[in-house]
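As stored in coords_13.txt (compact mmCIF, C-alpha atoms):
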# COMPACT_ATOMS: atom_id res chain seq x y z
CA MET A 1 90.29 31.20 40.52
CA GLU A 2 91.40 33.87 42.96
CA GLN A 3 92.61 35.81 39.93
CA PHE A 4 89.04 36.19 38.66
CA VAL A 5 86.03 38.09 39.85
CA CYS A 6 83.65 35.14 40.20
CA VAL A 7 79.95 35.75 39.59
CA ARG A 8 77.20 33.18 39.93
CA ILE A 9 73.98 33.85 37.99
CA VAL A 10 70.94 31.65 38.70
CA GLN A 11 68.29 33.22 36.48
CA ALA A 12 67.63 34.06 32.85
CA ASN A 13 65.34 36.92 33.81
CA ALA A 14 66.48 40.21 32.25
CA MET A 15 69.50 38.53 30.67
CA ASP A 16 71.41 40.74 28.23
CA LEU A 17 71.09 38.57 25.13
CA ALA A 18 73.58 40.68 23.21
CA GLN A 19 76.28 39.94 25.78
CA PHE A 20 75.36 36.46 26.94
CA GLN A 21 74.96 34.26 23.91
CA PHE A 22 75.52 30.64 24.83
CA ASP A 23 73.90 27.24 24.52
CA TYR A 24 70.71 27.84 26.47
CA ASP A 25 70.14 24.10 26.91
CA LEU A 26 73.02 23.97 29.38
CA THR A 27 72.53 23.95 33.13
CA PHE A 28 76.16 25.02 33.64
CA ALA A 29 77.75 27.58 31.34
CA VAL A 30 80.67 29.92 31.91
CA PHE A 31 81.87 33.19 30.40
CA LEU A 32 85.53 34.13 30.74
CA MET A 33 85.44 37.86 30.08
CA ASN A 34 86.43 41.26 31.36
CA ALA A 35 84.73 44.34 32.71
CA ASP A 36 84.45 45.82 29.21
CA GLY A 37 82.26 42.88 28.22
CA THR A 38 84.99 41.45 26.01
CA VAL A 39 84.66 37.67 25.89
CA TYR A 40 87.89 35.67 26.03
CA GLY A 41 86.11 32.37 25.89
CA ARG A 42 83.19 30.23 26.96
CA TYR A 43 83.11 26.98 28.85
CA GLY A 44 80.36 24.36 29.08
CA SER A 45 79.27 21.77 26.53
CA ARG A 46 76.83 18.93 26.47
CA SER A 47 75.79 16.21 24.06
CA ASP A 48 73.91 13.76 26.25
CA GLN A 49 70.93 14.14 28.56
CA LYS A 50 72.12 11.83 31.30
CA ASP A 51 75.90 12.03 31.04
CA ALA A 52 76.55 15.70 31.79
CA GLN A 53 80.27 15.12 32.23
CA ARG A 54 80.87 13.53 28.85
CA ASP A 55 82.09 16.84 27.41
CA ILE A 56 83.40 18.74 30.44
CA SER A 57 85.95 18.19 33.19
CA LEU A 58 87.66 20.19 35.90
CA ALA A 59 90.95 19.61 34.05
CA SER A 60 89.76 21.27 30.84
CA PHE A 61 88.02 23.99 32.78
CA ALA A 62 91.25 24.84 34.60
CA LYS A 63 93.07 24.99 31.25
CA ALA A 64 90.43 27.29 29.80
CA MET A 65 90.79 29.59 32.80
CA GLU A 66 94.57 29.64 32.45
CA GLY A 67 94.12 30.51 28.79
CA ALA A 68 91.80 33.35 29.69
CA LEU A 69 94.30 34.73 32.21
CA ASP A 70 97.00 34.74 29.53
CA LEU A 71 94.72 36.57 27.11
CA HIS A 72 93.77 39.06 29.82
CA LYS A 73 97.44 39.90 30.38
CA GLY A 74 97.68 41.01 26.76
CA TYR A 75 94.52 43.11 26.90
CA PRO A 76 93.76 45.66 25.42
CA ALA A 77 96.64 45.35 22.93
CA ASN A 78 95.11 42.07 21.71
CA LYS A 79 91.53 43.35 21.72
CA ALA A 80 91.04 42.76 17.98
CA LEU A 81 91.36 39.01 18.53
CA PHE A 82 88.06 38.96 20.37
CA ALA A 83 85.94 41.02 18.00
CA ALA A 84 83.92 38.00 16.89
CA LYS A 85 83.61 36.50 20.35
CA ASN A 86 80.67 38.77 21.04
CA GLY A 87 77.96 37.96 18.54
CA PRO A 88 75.84 40.37 16.54
CA VAL A 89 73.19 42.20 18.56
CA PRO A 90 70.05 40.07 18.25
CA THR A 91 66.62 41.41 17.38
CA VAL A 92 65.44 40.40 20.83
CA THR A 93 67.83 41.79 23.44
CA ARG A 94 65.98 40.69 26.61
CA PRO A 95 64.09 37.41 27.03
CA GLU A 96 61.00 39.20 28.32
CA GLN A 97 60.55 40.75 24.86
CA TYR A 98 59.35 37.35 23.61
CA PRO A 99 55.55 37.20 24.06
CA THR A 100 55.72 33.82 25.81
CA LEU A 101 58.15 35.21 28.42
CA ALA A 102 56.54 38.61 28.96
CA LYS A 103 55.14 37.59 32.34
CA TYR A 104 58.59 37.41 33.96
CA LYS A 105 59.94 40.26 36.08
CA PRO A 106 63.63 41.30 36.04
CA THR A 107 64.31 39.98 39.54
CA LEU A 108 63.36 36.86 41.43
CA ASP A 109 60.58 37.03 43.99
CA TYR A 110 62.52 35.65 46.92
CA ASP A 111 59.81 36.69 49.38
CA GLY A 112 57.01 35.04 47.44
CA GLN A 113 56.70 32.59 44.54
CA VAL A 114 60.44 32.40 43.94
CA VAL A 115 60.39 29.21 41.88
CA GLN A 116 57.64 30.44 39.60
CA SER A 117 59.38 33.80 39.19
CA CYS A 118 62.56 32.23 37.82
CA MET A 119 63.03 32.01 34.07
CA HIS A 120 65.20 29.10 32.92
CA CYS A 121 67.78 29.57 30.20
CA HIS A 122 66.20 26.92 27.98
CA GLN A 123 63.01 28.96 27.90
CA ILE A 124 64.84 31.52 25.76
CA ARG A 125 65.34 28.95 23.00
CA ASP A 126 61.77 27.70 23.43
CA ALA A 127 60.46 31.24 23.04
CA GLU A 128 62.59 31.93 19.99
CA ARG A 129 61.28 28.81 18.27
CA GLN A 130 57.70 29.54 19.26
CA ALA A 131 58.03 32.99 17.66
CA PHE A 132 58.79 31.29 14.35
CA ARG A 133 55.84 28.90 14.75
CA THR A 134 53.45 31.66 15.72
CA ALA A 135 54.49 33.66 12.66
CA LYS A 136 54.15 30.46 10.59
CA LYS A 137 57.72 30.92 9.40
CA ILE A 138 60.16 28.14 8.64
CA MET A 139 62.49 27.56 11.57
CA PRO A 140 66.04 28.12 10.27
CA ASP A 141 68.73 25.49 10.80
CA GLN A 142 70.63 27.71 13.24
CA VAL A 143 67.56 27.82 15.50
CA LEU A 144 66.70 24.15 15.12
CA TYR A 145 70.26 22.83 15.45
CA PRO A 146 71.89 25.31 17.86
CA TRP A 147 75.47 25.06 19.08
CA PRO A 148 76.62 22.08 17.01
CA MET A 149 79.21 19.89 18.64
CA PRO A 150 82.46 19.54 16.64
CA ASP A 151 81.26 16.01 15.85
CA ALA A 152 79.01 17.63 13.24
CA VAL A 153 82.11 18.30 11.13
CA GLY A 154 83.81 15.03 12.07
CA MET A 155 85.92 15.97 15.10
CA LYS A 156 85.56 14.38 18.52
CA LEU A 157 87.32 16.62 21.03
CA ASP A 158 88.97 15.44 24.26
CA PRO A 159 86.91 16.65 27.26
CA ASN A 160 90.07 16.86 29.38
CA GLU A 161 91.81 19.34 27.09
CA LYS A 162 90.95 22.80 25.82
CA ALA A 163 90.28 21.72 22.24
CA THR A 164 92.35 18.73 21.29
CA VAL A 165 91.12 16.30 18.67
CA ALA A 166 90.59 12.83 20.11
CA ALA A 167 89.26 11.23 16.91
CA VAL A 168 88.36 12.15 13.36
CA THR A 169 85.50 10.55 11.43
CA PRO A 170 86.82 9.06 8.19
CA GLY A 171 85.52 10.91 5.14
CA SER A 172 84.22 13.85 7.22
CA ALA A 173 84.87 17.54 6.53
CA ALA A 174 87.58 17.51 9.22
CA ASP A 175 89.20 14.45 7.70
CA LYS A 176 89.23 16.05 4.25
CA ALA A 177 90.90 19.12 5.77
CA GLY A 178 93.75 16.98 7.10
CA ILE A 179 92.86 17.22 10.78
CA LYS A 180 94.37 14.38 12.80
CA ALA A 181 93.81 12.88 16.26
CA GLY A 182 96.11 14.68 18.68
CA ASP A 183 95.89 18.03 16.91
CA ALA A 184 95.42 20.92 19.34
CA ILE A 185 93.19 23.65 17.96
CA GLN A 186 94.71 27.07 18.63
CA SER A 187 92.28 29.30 16.78
CA ILE A 188 89.44 29.18 14.28
CA ASN A 189 88.86 32.05 11.87
CA GLY A 190 91.27 34.08 13.98
CA GLN A 191 89.43 33.51 17.26
CA PRO A 192 91.49 32.08 20.12
CA ILE A 193 90.00 28.75 21.23
CA LEU A 194 89.93 27.92 24.94
CA SER A 195 87.34 25.16 25.02
CA ILE A 196 84.98 22.89 23.13
CA ALA A 197 82.34 25.56 23.72
CA ASP A 198 84.52 28.04 21.82
CA VAL A 199 84.56 25.68 18.84
CA GLN A 200 80.78 25.39 19.14
CA TRP A 201 80.49 29.18 19.21
CA VAL A 202 82.26 29.45 15.86
CA LEU A 203 80.17 26.64 14.41
CA HIS A 204 76.94 28.16 15.72
CA ASN A 205 77.70 31.39 13.92
CA THR A 206 78.76 29.79 10.66
CA GLY A 207 76.24 29.87 7.84
CA ASP A 208 74.72 27.03 5.86
CA THR A 209 77.99 26.84 3.97
CA GLY A 210 81.40 28.22 4.85
CA VAL A 211 85.04 27.62 5.59
CA LEU A 212 86.64 27.19 9.00
CA ASN A 213 90.26 28.25 9.01
CA VAL A 214 91.63 26.11 11.81
CA MET A 215 95.10 26.73 13.22
CA ILE A 216 96.46 23.59 14.82
CA ALA A 217 99.56 22.55 16.73
CA ARG A 218 100.55 18.95 16.18
CA PRO A 219 102.25 16.84 18.86
CA ASN A 220 105.93 16.14 18.23
CA ASP A 221 105.98 18.85 15.59
CA ARG A 222 107.86 21.99 16.59
CA ARG A 223 106.81 24.01 13.59
CA ALA A 224 104.47 26.91 14.03
CA PRO A 225 100.76 26.07 14.05
CA THR A 226 99.53 25.17 10.59
CA ALA A 227 96.34 26.24 8.89
CA ASN A 228 93.73 23.72 7.87
CA ALA A 229 90.58 24.75 6.01
CA ILE A 230 87.44 22.81 6.85
CA GLN A 231 84.88 23.20 4.08
CA LEU A 232 81.29 23.13 5.28
CA ASN A 233 78.74 22.16 2.69
CA ALA A 234 75.02 22.93 2.65
CA GLY A 235 73.10 21.11 5.37
CA TRP A 236 76.17 20.38 7.52
CA ARG A 237 74.26 21.20 10.70
CA LYS A 238 71.82 18.39 10.11
CA ALA A 239 74.44 15.95 11.40
CA SER A 240 73.73 17.36 14.87
CA ASP A 241 71.71 15.35 17.34
CA ILE A 242 69.21 17.52 19.18
CA SER A 243 67.26 14.73 20.86
CA TRP A 244 69.11 15.13 24.19
CA ARG A 245 68.20 18.80 24.52
CA THR A 246 65.76 20.08 27.12
CA THR A 247 64.27 22.35 24.46
CA THR A 248 63.45 19.33 22.32
CA TRP A 249 60.62 18.65 24.75
CA ASP A 250 58.87 21.73 23.40
CA LEU A 251 59.67 20.73 19.81
CA ARG A 252 57.81 17.48 20.53
CA ARG A 253 54.78 19.58 21.41
CA MET A 254 55.07 21.66 18.25
CA GLY A 255 55.81 18.84 15.84
CA LEU A 256 54.49 15.66 17.41
CA GLY A 257 51.62 16.83 19.60
CA GLY A 258 53.45 15.72 22.73
CA MET A 259 54.73 12.32 21.64
CA PHE A 260 58.20 11.16 22.68
CA PRO A 261 59.33 8.62 20.07
CA GLY A 262 62.41 6.45 20.13
CA ASP A 263 63.82 4.53 17.21
CA LEU A 264 63.11 0.84 17.73
CA GLY A 265 66.32 -1.16 18.09
CA ASP A 266 67.26 -3.96 15.72
CA GLU A 267 66.43 -6.69 18.24
CA GLU A 268 62.94 -5.35 18.84
CA ARG A 269 62.46 -4.90 15.11
CA ALA A 270 63.26 -8.54 14.56
CA LYS A 271 60.63 -9.54 17.13
CA ALA A 272 58.07 -7.28 15.45
CA LYS A 273 59.13 -8.51 11.98
CA LEU A 274 60.08 -5.00 10.90
CA ASP A 275 62.89 -4.32 8.42
CA THR A 276 65.96 -2.43 9.66
CA LYS A 277 65.39 0.23 6.97
CA GLN A 278 61.74 0.71 7.90
CA MET A 279 60.45 3.54 10.07
CA ALA A 280 59.68 2.20 13.53
CA PHE A 281 59.31 4.75 16.34
CA LEU A 282 58.24 3.36 19.67
CA LEU A 283 56.17 5.88 21.61
CA LYS A 284 57.88 6.09 24.98
CA HIS A 285 55.57 8.80 26.24
CA VAL A 286 52.39 10.55 25.12
CA GLY A 287 51.67 13.90 26.77
CA GLU A 288 48.57 14.54 28.83
CA TYR A 289 48.25 18.28 29.24
CA GLY A 290 47.66 21.29 27.03
CA GLU A 291 49.08 21.08 23.54
CA HIS A 292 51.27 18.19 24.69
CA ALA A 293 48.02 16.17 24.71
CA ARG A 294 47.25 16.67 21.00
CA ALA A 295 48.59 13.23 20.06
CA LYS A 296 46.66 11.57 22.88
CA GLN A 297 43.49 13.29 21.72
CA ALA A 298 44.20 12.04 18.18
CA GLY A 299 44.33 8.46 19.49
CA PHE A 300 48.07 7.80 19.88
CA VAL A 301 48.92 5.58 22.83
CA LYS A 302 52.16 4.91 24.69
CA GLY A 303 53.65 1.71 23.27
CA ASP A 304 52.39 2.33 19.71
CA ILE A 305 55.01 1.90 16.99
CA ILE A 306 54.82 4.54 14.25
CA ILE A 307 55.63 2.88 10.90
CA ALA A 308 54.47 5.64 8.54
CA TRP A 309 54.42 9.43 9.00
CA ASP A 310 53.01 11.82 6.42
CA GLY A 311 53.73 9.32 3.65
CA MET A 312 57.29 8.57 4.81
CA THR A 313 58.21 5.01 5.74
CA GLN A 314 62.04 5.05 5.79
CA ARG A 315 64.02 4.71 9.01
CA MET A 316 65.16 8.00 10.51
CA THR A 317 66.29 9.49 13.80
CA GLU A 318 64.05 11.46 16.11
CA THR A 319 66.04 14.56 15.19
CA GLN A 320 65.26 14.00 11.52
CA LEU A 321 61.59 13.41 12.28
CA LEU A 322 61.32 16.61 14.31
CA ALA A 323 63.21 18.60 11.69
CA TYR A 324 60.85 17.38 8.98
CA VAL A 325 57.76 18.42 10.89
CA VAL A 326 58.85 21.82 12.20
CA GLN A 327 60.56 22.85 8.97
CA LYS A 328 58.02 21.47 6.49
CA LYS A 329 54.73 21.75 8.37
CA LYS A 330 52.85 24.64 9.92
CA PRO A 331 50.51 24.85 12.93
CA GLY A 332 47.12 23.44 11.95
CA ASP A 333 48.50 21.07 9.31
CA LYS A 334 47.28 17.49 9.49
CA ILE A 335 49.66 14.52 9.56
CA ALA A 336 48.46 11.04 8.64
CA ALA A 337 50.26 8.27 10.49
CA THR A 338 50.15 4.50 10.69
CA VAL A 339 50.96 2.81 13.97
CA LEU A 340 51.30 -0.81 15.02
CA ARG A 341 49.29 -1.61 18.13
CA GLY A 342 49.16 -5.17 19.33
CA GLY A 343 50.47 -6.27 15.95
CA LYS A 344 47.66 -4.57 14.03
CA LYS A 345 47.83 -1.44 11.91
CA VAL A 346 45.89 1.62 13.12
CA GLU A 347 45.48 4.76 10.99
CA LEU A 348 45.53 8.09 12.86
CA VAL A 349 45.58 11.79 11.99
CA LEU A 350 47.37 14.40 14.11
CA THR A 351 46.52 18.10 13.82
CA LEU A 352 49.64 20.08 14.71
CA PRO A 353 49.41 22.67 17.50
CA MET B 1 81.58 28.76 55.53
CA LYS B 2 84.77 29.29 53.56
CA LEU B 3 85.40 26.92 50.67
CA ALA B 4 88.21 27.01 48.17
CA PRO B 5 86.86 28.42 44.88
CA ILE B 6 87.89 25.33 42.91
CA VAL B 7 85.93 23.17 45.36
CA VAL B 8 82.88 25.39 44.86
CA LEU B 9 83.25 25.02 41.13
CA GLY B 10 83.57 21.26 41.42
CA LEU B 11 80.38 21.17 43.44
CA LEU B 12 78.65 23.24 40.78
CA CYS B 13 79.77 20.82 38.06
CA ILE B 14 78.68 17.78 40.04
CA ALA B 15 75.34 19.36 40.76
CA SER B 16 75.02 20.04 37.03
CA SER B 17 75.31 16.34 36.26
CA ALA B 18 72.95 15.40 39.07
CA ALA B 19 70.27 17.55 37.53
CA TYR B 20 69.96 15.08 34.68
CA SER B 21 71.09 11.83 36.24
CA ALA B 22 68.77 8.84 36.11
CA ASP B 23 68.04 8.83 39.83
CA PRO B 24 68.69 12.34 41.09
CA PRO B 25 68.63 12.85 44.83
CA LYS B 26 65.59 14.77 45.96
CA PRO B 27 66.35 15.92 49.48
CA LYS B 28 64.61 19.27 49.15
CA ASP B 29 61.63 20.80 47.45
CA ARG B 30 62.56 23.28 44.77
CA LYS B 31 61.74 26.41 46.75
CA THR B 32 63.93 25.29 49.64
CA ALA B 33 66.73 24.47 47.21
CA VAL B 34 66.54 27.94 45.65
CA LEU B 35 66.51 29.72 49.01
CA ASP B 36 69.27 27.54 50.44
CA ASP B 37 71.41 28.12 47.35
CA ARG B 38 71.26 31.87 47.86
CA LYS B 39 72.05 31.48 51.54
CA ASP B 40 74.91 28.98 51.08
CA VAL B 41 76.62 30.19 47.91
CA GLY B 42 75.83 33.81 48.70
CA ALA B 43 77.82 33.42 51.91
CA ILE B 44 81.02 32.56 50.07
CA GLU B 45 83.08 35.73 50.09
CA SER B 46 84.90 34.99 46.86
CA TRP B 47 81.69 34.80 44.83
CA VAL B 48 79.27 37.53 43.79
CA TYR B 49 75.81 35.98 43.94
CA ASN B 50 73.34 36.72 41.16
CA ASP B 51 74.44 40.35 40.82
CA LEU B 52 76.16 40.99 37.51
CA PRO B 53 76.44 44.80 37.91
CA LYS B 54 78.27 44.27 41.22
CA GLY B 55 80.66 41.82 39.55
CA LEU B 56 81.30 44.17 36.65
CA ALA B 57 81.98 47.06 39.00
CA GLU B 58 84.40 44.95 41.03
CA ALA B 59 86.24 43.79 37.90
CA LYS B 60 86.45 47.34 36.62
CA GLN B 61 87.88 48.52 39.91
CA ASN B 62 90.50 45.81 40.40
CA GLY B 63 91.27 45.03 36.75
CA ARG B 64 90.74 41.31 37.14
CA PRO B 65 89.05 39.19 34.49
CA MET B 66 85.62 37.78 35.21
CA LEU B 67 84.33 34.25 35.51
CA VAL B 68 80.56 34.41 35.09
CA VAL B 69 78.80 31.13 35.78
CA PHE B 70 75.23 30.53 34.69
CA ARG B 71 74.03 27.68 36.82
CA CYS B 72 70.49 26.48 37.20
CA ILE B 73 69.60 25.37 40.72
CA PRO B 74 68.93 21.61 40.61

So, in terms of structure tokens, how does the structure I just supplied come out?
Amino acid sequence: MEQFVCVRIVQANAMDLAQFQFDYDLTFAVFLMNADGTVYGRYGSRSDQKDAQRDISLASFAKAMEGALDLHKGYPANKALFAAKNGPVPTVTRPEQYPTLAKYKPTLDYDGQVVQSCMHCHQIRDAERQAFRTAKKIMPDQVLYPWPMPDAVGMKLDPNEKATVAAVTPGSAADKAGIKAGDAIQSINGQPILSIADVQWVLHNTGDTGVLNVMIARPNDRRAPTANAIQLNAGWRKASDISWRTTTWDLRRMGLGGMFPGDLGDEERAKAKLDTKQMAFLLKHVGEYGEHARAKQAGFVKGDIIIAWDGMTQRMTETQLLAYVVQKKKPGDKIAATVLRGGKKVELVLTLP
Amino acid sequence: MKLAPIVVLGLLCIASSAAYSADPPKPKDRKTAVLDDRKDVGAIESWVYNDLPKGLAEAKQNGRPMLVVFRCIP
């Protein structure tokens, strides 16, 4: 680490969103870059709310740093390699340009209300989504399912390595491309890969369809890295789970009026005499304040089991439920729902914030 | 206080997981945690605290790559 200039940033206020594009749901994210703003790689991934270390480790972080040092030695002769590591300049270049974040100042108020003056990174994603809702525009998949984990294309990567495949889902896009467990990803679409976050970066910036040209080195194979093309078909992002994300809390306000539903497990379904293919969302929490209280005001109660939602009765994940509402429904729309309460059906109508 | 950079980074990672753990320790109120973070981490000579322009200038001057950590204070 002594070979780097180490900078710790604790605020999102005044963040340069053209330079610092990362998964804003993270509470720990790293840029390996140089003074020109050229990004060698990113580090920091997450796929679970409680287990923050499922996808990161000091071992893989050290390897990512070593990789960045190697790339830095070749700079600027290798500059072209990093052209796509800095994303396109976004429409909003500072968080404060979003109406919901306009109250924040560029610096923290250390002498006064320092906590209240600090903008959190996740608020950037919240604000971006709210801008779509306010404009009554459909939230695009890239905004709803940001920073897909490689699992979305069928690759589980080893958290102790830079980007080594630990397992491949049979029948997945990665499987069809010939990716195998043990393969070490060297580059994707020409971009050097230093971490799982680097794979996510490429995925995040891939369209609804596309091809990932993945260069891999295979253990016990001394040949040069080989190219494997992963074909991404329409809707590939929808395999992502967004339920763990901090920003999903605000989606629950937008789409569920503040309800926090969890799919009822098979054992509980059996007790309630509900089929395993039937919708059954147990309300783990119902909000009490502001627009998070819309469901409470509509009569929903913690412990209710939602068995029908806007005419749908099939089993689905919370991610699928949220995606349906925020991509198909607009603020002010009414949703008819049926819940089970004490074994009896109750009909309710939620007006979306 | 002088800590090895890798130790500092380890502490940052551990703190990251604590932020979402089921029973996070709550020894301080948030304001105290924010102020103490600036005092403690800001005192480590090998880190530039919450000042990106200073870090960029340093990297430009000495030609070293940068490690920019975005870390919420738990």

Non-local contacts of Ser195 in chain A (10 Å; all atoms listed in the file; under 5 positions in same chain excluded) as a ChimeraX atom specification: /A:41-45,56,60-61,63-65,67,157-164,185-186,200-201

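Going from CA of Asn13 in chain A to CA of Gly112 in chain A covers 16.1 Å.
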
Starting from chain A, keep only residues with some atom at most 7 Å from an atom of chain B, counting all atoms listed in the file, and report them as a PyMOL selection string. chain A and resi 1+3-10+27-35+49-53+58+72+114-115

Distance query range 290-300 of chain A at most 12 Å, only C-alpha atoms, self and fewer than 4 positions along chain excluded, as a ChimeraX atom specification: /A:249-261,282-286,304-306,331-332,334-341,346-353

Which residues are close to range 128-137 of chain A, i.e. within 8 Å by all atoms listed in the file, leaving aside same-chain residues fewer than 5 positions away? Reply as a list in words. Tyr98, Val143, Leu144, Lys330 and Pro331 of chain A

Extract, using only C-alpha atoms, all DNA, RNA and protein residues at most 12 Å from Val92 in chain A, discarding same-chain residues fewer than 6 positions from it, and format them as a PyMOL selection string. chain A and resi 14-19+21+98-99+101+124-125+127-128+131

re CA of Pro95 in chain A and CA of Met119 in chain A: distance 8.9 Å

So how far away is CA of Ile307 in chain A from CA of Phe281 in chain A, in Å?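 A separation of 6.8 Å between them.
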
Test item: which residues lie within 12 Å of (90.4, 36.1, 22.2) counting only C-alpha atoms, as an mmCIF file with C-alpha atoms, in the coordinates of the input:
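New file out.cif:
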data_model
loop_
_atom_site.group_PDB
_atom_site.id
_atom_site.type_symbol
_atom_site.label_atom_id
_atom_site.label_comp_id
_atom_site.auth_asym_id
_atom_site.auth_seq_id
_atom_site.Cartn_x
_atom_site.Cartn_y
_atom_site.Cartn_z
ATOM 1 C CA LEU A 32 85.530 34.130 30.740
ATOM 2 C CA MET A 33 85.440 37.860 30.080
ATOM 3 C CA ASN A 34 86.430 41.260 31.360
ATOM 4 C CA THR A 38 84.990 41.450 26.010
ATOM 5 C CA VAL A 39 84.660 37.670 25.890
ATOM 6 C CA TYR A 40 87.890 35.670 26.030
ATOM 7 C CA GLY A 41 86.110 32.370 25.890
ATOM 8 C CA ARG A 42 83.190 30.230 26.960
ATOM 9 C CA ALA A 64 90.430 27.290 29.800
ATOM 10 C CA GLY A 67 94.120 30.510 28.790
ATOM 11 C CA ALA A 68 91.800 33.350 29.690
ATOM 12 C CA LEU A 69 94.300 34.730 32.210
ATOM 13 C CA ASP A 70 97.000 34.740 29.530
ATOM 14 C CA LEU A 71 94.720 36.570 27.110
ATOM 15 C CA HIS A 72 93.770 39.060 29.820
ATOM 16 C CA LYS A 73 97.440 39.900 30.380
ATOM 17 C CA GLY A 74 97.680 41.010 26.760
ATOM 18 C CA TYR A 75 94.520 43.110 26.900
ATOM 19 C CA PRO A 76 93.760 45.660 25.420
ATOM 20 C CA ALA A 77 96.640 45.350 22.930
ATOM 21 C CA ASN A 78 95.110 42.070 21.710
ATOM 22 C CA LYS A 79 91.530 43.350 21.720
ATOM 23 C CA ALA A 80 91.040 42.760 17.980
ATOM 24 C CA LEU A 81 91.360 39.010 18.530
ATOM 25 C CA PHE A 82 88.060 38.960 20.370
ATOM 26 C CA ALA A 83 85.940 41.020 18.000
ATOM 27 C CA ALA A 84 83.920 38.000 16.890
ATOM 28 C CA LYS A 85 83.610 36.500 20.350
ATOM 29 C CA ASN A 86 80.670 38.770 21.040
ATOM 30 C CA GLN A 186 94.710 27.070 18.630
ATOM 31 C CA SER A 187 92.280 29.300 16.780
ATOM 32 C CA ILE A 188 89.440 29.180 14.280
ATOM 33 C CA ASN A 189 88.860 32.050 11.870
ATOM 34 C CA GLY A 190 91.270 34.080 13.980
ATOM 35 C CA GLN A 191 89.430 33.510 17.260
ATOM 36 C CA PRO A 192 91.490 32.080 20.120
ATOM 37 C CA ILE A 193 90.000 28.750 21.230
ATOM 38 C CA LEU A 194 89.930 27.920 24.940
ATOM 39 C CA SER A 195 87.340 25.160 25.020
ATOM 40 C CA ASP A 198 84.520 28.040 21.820
#

Counting all atoms listed in the file, which residue out of A:Thr107, A:Thr209, A:Gln231, A:Thr319 sits closest to Asp263 in chain A?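 When distances to Asp263 in chain A are compared using all atoms listed in the file, the smallest one comes from A:Thr319.
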
Return the single residue from A:Tyr110, A:Thr206, A:Lys329, A:Tyr104 that is closest to Lys39 in chain B, with distances computed using all atoms listed in the file.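 So, comparing all the options, the nearest one is A:Tyr110.
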
What are the centre and edge lengths in Å, to one decimal, of the axis-aligned box around all listed atoms of range 68-74 of chain B with 3 Å added on each side, as JSON?
{"center_x": 74.7, "center_y": 28.0, "center_z": 37.7, "size_x": 17.6, "size_y": 18.8, "size_z": 12.0}
